[in-house]
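Novice: The following block contains the structure, expressed as structure tokens.
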Amino acid sequence: MASPLLLLLPLAVSSLLLPFAAAARVFSVADYGAAGDGARYDTGAIQAAVDACAAAGGGRVLLPAPGDYLTATVHLRSRVVLDVAPGARLLGGTRQADYPPESRRWYVVLAENTTGAGVTGGGEINGQGGAFVVTPNPQKNIMVSWNATGDCEGDECRPRLVGFIDSKDVTIHDITLNQPAYWWCDNTMIHNVSIYGDFDTPNNDGIDIEDSNNTAITHCHIDTGDDAICPKSTTGPVYNLTATNCWIRTKSCAIKFGSASFFDFKKLVFDNITIVDSHRGLGMQIRDGGNVSDVVFSNIKMSTRYYHPLWWGRAEPIYITTCPRHPDSKEGTISDIQFINISSVSENGVFLAGSKHGLLRNLKFKNVDLTYKRWTNYSGGLYDYRPGCQKMVKHRTGGMMLEHISGLEIDNVRMRWSRGSLKGWDVDPLLFQPSTVDKLSFHDWQSLAVSR
């Protein structure tokens with residue numbers, strides 16, 4: 001388990017990262033000719049201030065308020081902290097020419113191979129996401145796709161907001177990010193960050209922790225149209241991630257492992273999280289052969305709901321699967337997962353589906369209160385196995401759906417079924433095939449009908 005002491009580090013980030021003299025050095029972009037009028041590009045002035053700060057041994061690069069600073073990609077350097085003052089905004093350019101040739105480097109703020117870089121200040125970084133919407137659609141906006149070169153495709157072929165790649169000792173605190181953020185680094189501290197993404201825009205994740213270790217996320221507010229906190233393992237493992245004291249609303253999954261899952265996830269803790277009106281609560285989609293172990297979800301309150309009839313198979317408070325992405329893909333395993341002090345109000349049941357060679361092992365539910373209540377008009381009765389073992393499967397709805405599990409401990413778990421909202425439901429408290437499930441332990445388990 002990751003040490004809780006990591007959570008203290010963001011509170012004193014400047015003194016931890018930089019010597020006192022370096023932390024006191026401030027390079028204002030105004031001194032380098034930035035206009036801050038939101039019309040003229042200030043890229044040259046901002047980059048000049050960053051480079052001067054790095055050459056001096058580090059410090060802060062200040063975007064003073066008031067001001068809207070329009071920019072192409074800004075390249076952060078080691079020991080340079082970008083300080084966006086309250087009332088100031090850094091605006092990402094909307095032209096493809098504003099970004100590097102390689103799509104993997106399309107960020108408004110980009111730090112590569114840095115040590116001790118960061119973003120802070122109380123202001124806002126805004127990706128101007130509305131400029132990339134071709135056709136608004138309440139199900140899913142049609143987005144600009146810069147895919148002429150074939151370097152990328154589909155909805156993901158557009159710039160992101162902030163990227164820390166192959167970096168360490170990264171800090172992001174006291175900043176508002178309007179559009180998604182992306183991190184790929186070691187020793188990352190993310191504290192008191194507000195992230196707002198368009199609710200109808202696809203591939204609009206809040207925080208992606210990709211191939212990164214020793215990450216602490218604290219006191220963050222995430223309101224976006226795609227996965228909110230999303231660990232991924234594409235080229236390496238994800239170890240020692242702690243997320244605490246966060247508020248999340250999303251049209252997708254609030255906390256989701258994968259689906260990029262080629263390497264292992266180990267020692268992750270999620271504590272004191274509030275999840276509101278999200279499409280899924282806690283999810284693991286382990287599709288690519290990686291393994292998950294030693295994960296704790298604790299003190300979590302959530303509500304999940306349907307958002308569109310094409311998404312009938314969702315709205316689960318907890319969704320775990322190891323169904324492989326392709327029939328010939330390696331099947332990963334998920335083991336030693338704890339759900340402690342969990343409370344949910346949801347329109348669908350818990351879904352726990354391993355696969356024939358990718359068992360779920362040693363899952364523990366302790367002090368869990370699951371309330372099932374319908375408040376939208378979308379029909380249920382489907383389970384979503386996409387894109388692995390099956391597709392959307394018509395099925396009875398279970399309070400818990402269990403497949404391919406070896407070791408499940410239920411201790412003080414209550415299911416409450418809202419009486420008056422069950423019309424059209426074909427429900428059972430538990431659904432499982434005995435031939436695929438063993439080593440079950442039930443202590444103090446109840447399934448109750450309630451009036452509301």
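Chain labels A, B, ... are given in the sequence in which chains occur in the structure tokens; within each chain residues are numbered consecutively from 1, and ligands are likewise numbered from 1 in the order shown.
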Give me, as a list in words, all polymer residues having an atom no more than 8 Å from Phe432 of chain A, counting only C-alpha atoms and skipping those fewer than 6 positions away in the same chain.

Specialist: Met401, Leu402 and Glu403 of chain A

Novice: Fewer than 4 positions away in the same chain doesn't count, so skip those; otherwise give me all residues within 8 Å of Arg25 of chain A, counting only C-alpha atoms, as a PyMOL selection string.

Specialist: chain A and resi 21+53+58-60

Novice: How about saving the chosen residues, C-alpha atoms kept, as an mmCIF file, in the first residue's frame?

Specialist:
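Contents of part_7.cif, freshly written:
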data_model
loop_
_atom_site.group_PDB
_atom_site.id
_atom_site.type_symbol
_atom_site.label_atom_id
_atom_site.label_comp_id
_atom_site.auth_asym_id
_atom_site.auth_seq_id
_atom_site.Cartn_x
_atom_site.Cartn_y
_atom_site.Cartn_z
ATOM 1 C CA ALA A 21 16.745 31.092 -4.047
ATOM 2 C CA CYS A 53 14.126 30.621 -15.934
ATOM 3 C CA GLY A 58 14.818 27.256 -12.034
ATOM 4 C CA GLY A 59 12.002 29.266 -10.505
ATOM 5 C CA ARG A 60 8.530 30.433 -11.495
#

Novice: Run DSSP on the backbone and give me the residues of segment 43-108 of chain A it puts in strand (DSSP E or B), as a list in words.

Specialist: Gly59, Arg60, Val61, Leu62, Leu63, Gly67, Asp68, Tyr69, Leu70, Thr71, Val74, His75, Leu76, Val80, Val81, Leu82, Asp83, Val84, Ala88, Arg89, Leu90, Leu91, Gly92, Tyr107 and Val108 of chain A

Novice: If you measure from atom CA of Asn367 of chain A to atom CA of Phe270 of chain A, what distance in Å do you get, rounded to one decimal?

Specialist: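 Computed distance, atom CA of Asn367 of chain A to atom CA of Phe270 of chain A, equals 15.9 Å.
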
Novice: So, counting only C-alpha atoms, which residue among A:Asp37, A:Asp227, A:Asp166, A:Asp288 is closest to Lys256 of chain A?

Specialist: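 Of all the options, A:Asp227 lies closest to Lys256 of chain A.
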
Novice: Which of these residues is nearest to Asp428 of chain A, using only C-alpha atoms: A:Ile334, A:Val350, A:Val84, A:Leu90?

Specialist: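 Among the listed residues, A:Val350 lies closest to Asp428 of chain A.
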
Novice: For atom CA of Val296 of chain A and atom CA of Pro237 of chain A, determine how far apart the two atoms are, in Å to one decimal place.

Specialist: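 A separation of 17.5 Å between them.
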
Novice: So, counting only C-alpha atoms, which residue among A:Ile217, A:Val133, A:Cys253, A:Ile320 is closest to Phe351 of chain A?

Specialist: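 Counting only C-alpha atoms, the residue closest to Phe351 of chain A is A:Ile320.
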
Novice: In terms of the shortest atom-to-atom distance over only C-alpha atoms, which of A:Ser259, A:Asn272, A:Thr371, A:Asn377 is closest to His219 of chain A?

Specialist: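 Once distances to His219 of chain A are computed over only C-alpha atoms, the minimum belongs to A:Asn272.
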
Novice: Calculated over only C-alpha atoms, which of the candidates A:Met400, A:His395, A:Leu448, A:Met415 has the smallest distance to Ser344 of chain A?

Specialist: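 Nearest candidate to Ser344 of chain A out of A:Met400, A:His395, A:Leu448, A:Met415: A:Met415.
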
Novice: Give me, as a CSV table (one decimal) with N, CA, C and O atoms, in the first residue's frame, all polymer residues having an atom no more than 8 Å from Ala48 of chain A, counting only C-alpha atoms and skipping those fewer than 4 positions away in the same chain.

Specialist:
chain,number,residue,atom,x,y,z
A,32,TYR,N,8.8,39.8,-21.2
A,32,TYR,CA,9.4,39.2,-22.4
A,32,TYR,C,8.5,39.6,-23.6
A,32,TYR,O,8.6,39.0,-24.7
A,44,GLY,N,6.1,33.0,-28.2
A,44,GLY,CA,7.5,33.4,-28.1
A,44,GLY,C,7.9,34.0,-26.8
A,44,GLY,O,8.9,33.7,-26.2
A,52,ALA,N,14.7,31.2,-20.0
A,52,ALA,CA,15.5,32.1,-19.2
A,52,ALA,C,15.5,31.6,-17.7
A,52,ALA,O,16.5,31.5,-17.0

Novice: Ala216 of chain A: which residues within 6 Å, counting only C-alpha atoms, same-chain residues fewer than 5 positions away excluded, as a PyMOL selection string?

Specialist: chain A and resi 189+241-243

Novice: Within 12 Å of Val108 of chain A, counting only C-alpha atoms, which residues show up once you throw out same-chain ones fewer than 5 positions away? Write them as a ChimeraX atom specification, please.

Specialist: /A:43,46-47,69-76,90-96,98-100,125-129,158-164,177-182

Novice: Excluding Val276 of chain A and its own-chain neighbours fewer than 6 positions away, which residues fall within 12 Å of it when counting only C-alpha atoms? Please give them as a PDB file with N, CA and C atoms, in the first residue's frame.

Specialist:
ATOM      1  N   HIS A 221     -11.377  18.255  -8.188  1.00  0.00           N
ATOM      2  CA  HIS A 221     -12.760  18.332  -8.648  1.00  0.00           C
ATOM      3  C   HIS A 221     -12.736  18.050 -10.147  1.00  0.00           C
ATOM      4  N   ILE A 222     -13.389  16.963 -10.567  1.00  0.00           N
ATOM      5  CA  ILE A 222     -13.343  16.538 -11.972  1.00  0.00           C
ATOM      6  C   ILE A 222     -14.761  16.385 -12.498  1.00  0.00           C
ATOM      7  N   ASP A 223     -15.077  17.130 -13.551  1.00  0.00           N
ATOM      8  CA  ASP A 223     -16.410  17.121 -14.147  1.00  0.00           C
ATOM      9  C   ASP A 223     -16.214  17.052 -15.654  1.00  0.00           C
ATOM     10  N   THR A 224     -16.386  15.861 -16.243  1.00  0.00           N
ATOM     11  CA  THR A 224     -15.997  15.693 -17.640  1.00  0.00           C
ATOM     12  C   THR A 224     -16.856  14.634 -18.317  1.00  0.00           C
ATOM     13  N   ALA A 228     -12.762   9.786 -15.581  1.00  0.00           N
ATOM     14  CA  ALA A 228     -12.257  10.889 -14.757  1.00  0.00           C
ATOM     15  C   ALA A 228     -10.832  10.639 -14.282  1.00  0.00           C
ATOM     16  N   CYS A 246     -11.595  13.508  -3.354  1.00  0.00           N
ATOM     17  CA  CYS A 246     -11.935  14.057  -4.670  1.00  0.00           C
ATOM     18  C   CYS A 246     -13.436  13.981  -4.911  1.00  0.00           C
ATOM     19  N   TRP A 247     -13.922  14.873  -5.776  1.00  0.00           N
ATOM     20  CA  TRP A 247     -15.322  14.914  -6.221  1.00  0.00           C
ATOM     21  C   TRP A 247     -15.329  14.676  -7.724  1.00  0.00           C
ATOM     22  N   ILE A 248     -16.222  13.757  -8.195  1.00  0.00           N
ATOM     23  CA  ILE A 248     -16.211  13.365  -9.608  1.00  0.00           C
ATOM     24  C   ILE A 248     -17.631  13.293 -10.150  1.00  0.00           C
ATOM     25  N   ARG A 249     -17.820  13.848 -11.345  1.00  0.00           N
ATOM     26  CA  ARG A 249     -19.015  13.585 -12.153  1.00  0.00           C
ATOM     27  C   ARG A 249     -18.546  13.322 -13.571  1.00  0.00           C
ATOM     28  N   THR A 250     -19.072  12.271 -14.196  1.00  0.00           N
ATOM     29  CA  THR A 250     -18.635  11.936 -15.540  1.00  0.00           C
ATOM     30  C   THR A 250     -19.730  11.197 -16.293  1.00  0.00           C
ATOM     31  N   LYS A 251     -19.739  11.355 -17.590  1.00  0.00           N
ATOM     32  CA  LYS A 251     -20.656  10.616 -18.452  1.00  0.00           C
ATOM     33  C   LYS A 251     -20.107   9.233 -18.781  1.00  0.00           C
ATOM     34  N   SER A 252     -18.941   8.921 -18.244  1.00  0.00           N
ATOM     35  CA  SER A 252     -18.344   7.605 -18.454  1.00  0.00           C
ATOM     36  C   SER A 252     -18.044   7.000 -17.084  1.00  0.00           C
ATOM     37  N   CYS A 253     -16.809   6.562 -16.828  1.00  0.00           N
ATOM     38  CA  CYS A 253     -16.470   5.878 -15.580  1.00  0.00           C
ATOM     39  C   CYS A 253     -15.662   6.807 -14.678  1.00  0.00           C
ATOM     40  N   ALA A 254     -16.019   6.880 -13.403  1.00  0.00           N
ATOM     41  CA  ALA A 254     -15.350   7.805 -12.488  1.00  0.00           C
ATOM     42  C   ALA A 254     -13.897   7.393 -12.239  1.00  0.00           C
ATOM     43  N   ILE A 300     -16.236   5.538  -0.036  1.00  0.00           N
ATOM     44  CA  ILE A 300     -16.679   6.094  -1.324  1.00  0.00           C
ATOM     45  C   ILE A 300     -18.199   6.153  -1.339  1.00  0.00           C
ATOM     46  N   LYS A 301     -18.728   7.327  -1.699  1.00  0.00           N
ATOM     47  CA  LYS A 301     -20.158   7.516  -1.899  1.00  0.00           C
ATOM     48  C   LYS A 301     -20.398   7.824  -3.366  1.00  0.00           C
ATOM     49  N   MET A 302     -21.389   7.150  -3.959  1.00  0.00           N
ATOM     50  CA  MET A 302     -21.585   7.371  -5.394  1.00  0.00           C
ATOM     51  C   MET A 302     -23.027   7.133  -5.810  1.00  0.00           C
ATOM     52  N   SER A 303     -23.359   7.778  -6.940  1.00  0.00           N
ATOM     53  CA  SER A 303     -24.611   7.507  -7.633  1.00  0.00           C
ATOM     54  C   SER A 303     -24.282   7.312  -9.109  1.00  0.00           C
ATOM     55  N   THR A 304     -24.894   6.286  -9.721  1.00  0.00           N
ATOM     56  CA  THR A 304     -24.660   6.011 -11.139  1.00  0.00           C
ATOM     57  C   THR A 304     -26.000   5.885 -11.853  1.00  0.00           C
ATOM     58  N   ARG A 305     -26.003   6.260 -13.140  1.00  0.00           N
ATOM     59  CA  ARG A 305     -27.259   6.334 -13.881  1.00  0.00           C
ATOM     60  C   ARG A 305     -27.016   6.094 -15.361  1.00  0.00           C
ATOM     61  N   ALA A 315     -24.213   1.920 -16.117  1.00  0.00           N
ATOM     62  CA  ALA A 315     -24.813   2.440 -14.883  1.00  0.00           C
ATOM     63  C   ALA A 315     -24.491   1.583 -13.667  1.00  0.00           C
ATOM     64  N   PRO A 317     -22.461   0.476 -10.310  1.00  0.00           N
ATOM     65  CA  PRO A 317     -21.591   1.115  -9.318  1.00  0.00           C
ATOM     66  C   PRO A 317     -20.173   0.546  -9.363  1.00  0.00           C
ATOM     67  N   SER A 343     -20.907   3.205  -0.339  1.00  0.00           N
ATOM     68  CA  SER A 343     -22.342   3.466  -0.390  1.00  0.00           C
ATOM     69  C   SER A 343     -22.697   3.932  -1.788  1.00  0.00           C
ATOM     70  N   SER A 344     -23.709   3.286  -2.398  1.00  0.00           N
ATOM     71  CA  SER A 344     -24.077   3.671  -3.760  1.00  0.00           C
ATOM     72  C   SER A 344     -25.582   3.648  -3.943  1.00  0.00           C
ATOM     73  N   VAL A 345     -26.044   4.535  -4.851  1.00  0.00           N
ATOM     74  CA  VAL A 345     -27.410   4.504  -5.365  1.00  0.00           C
ATOM     75  C   VAL A 345     -27.273   4.383  -6.877  1.00  0.00           C
ATOM     76  N   SER A 346     -27.793   3.300  -7.450  1.00  0.00           N
ATOM     77  CA  SER A 346     -27.477   2.987  -8.841  1.00  0.00           C
ATOM     78  C   SER A 346     -28.686   2.430  -9.570  1.00  0.00           C
TER      79      SER A 346
END

Novice: Would you mind telling me which residue in A:Tyr319, A:Phe262, A:Tyr41, A:Tyr378 lies nearest to Thr235 of chain A when using only C-alpha atoms?

Specialist: A:Phe262

Novice: For Phe263 of chain A, find every residue with an atom within 7 Å (counting only C-alpha atoms), except residues of its own chain fewer than 4 positions away, and show them as number ranges by chain.

Specialist: A: 233-234, 236-237, 290-291

Novice: Could you take the residues named above and write them with C-alpha atoms, as an mmCIF file, in the first residue's frame?

Specialist:
data_model
loop_
_atom_site.group_PDB
_atom_site.id
_atom_site.type_symbol
_atom_site.label_atom_id
_atom_site.label_comp_id
_atom_site.auth_asym_id
_atom_site.auth_seq_id
_atom_site.Cartn_x
_atom_site.Cartn_y
_atom_site.Cartn_z
ATOM 1 C CA SER A 233 -0.431 0.543 -18.605
ATOM 2 C CA THR A 234 0.621 0.766 -22.260
ATOM 3 C CA GLY A 236 5.047 -0.111 -18.439
ATOM 4 C CA PRO A 237 3.376 -0.843 -15.079
ATOM 5 C CA GLY A 290 -1.812 -7.167 -17.480
ATOM 6 C CA ASN A 291 -2.565 -8.122 -13.886
#

Novice: Please identify the helix (DSSP H, G or I) residues within segment 3-134 of chain A (assignment by DSSP from backbone atoms) and present them as an MDAnalysis selection string.

Specialist: chainID A and resid 4:17 20:24 29:32 43:55 96:98 103:105 129:132
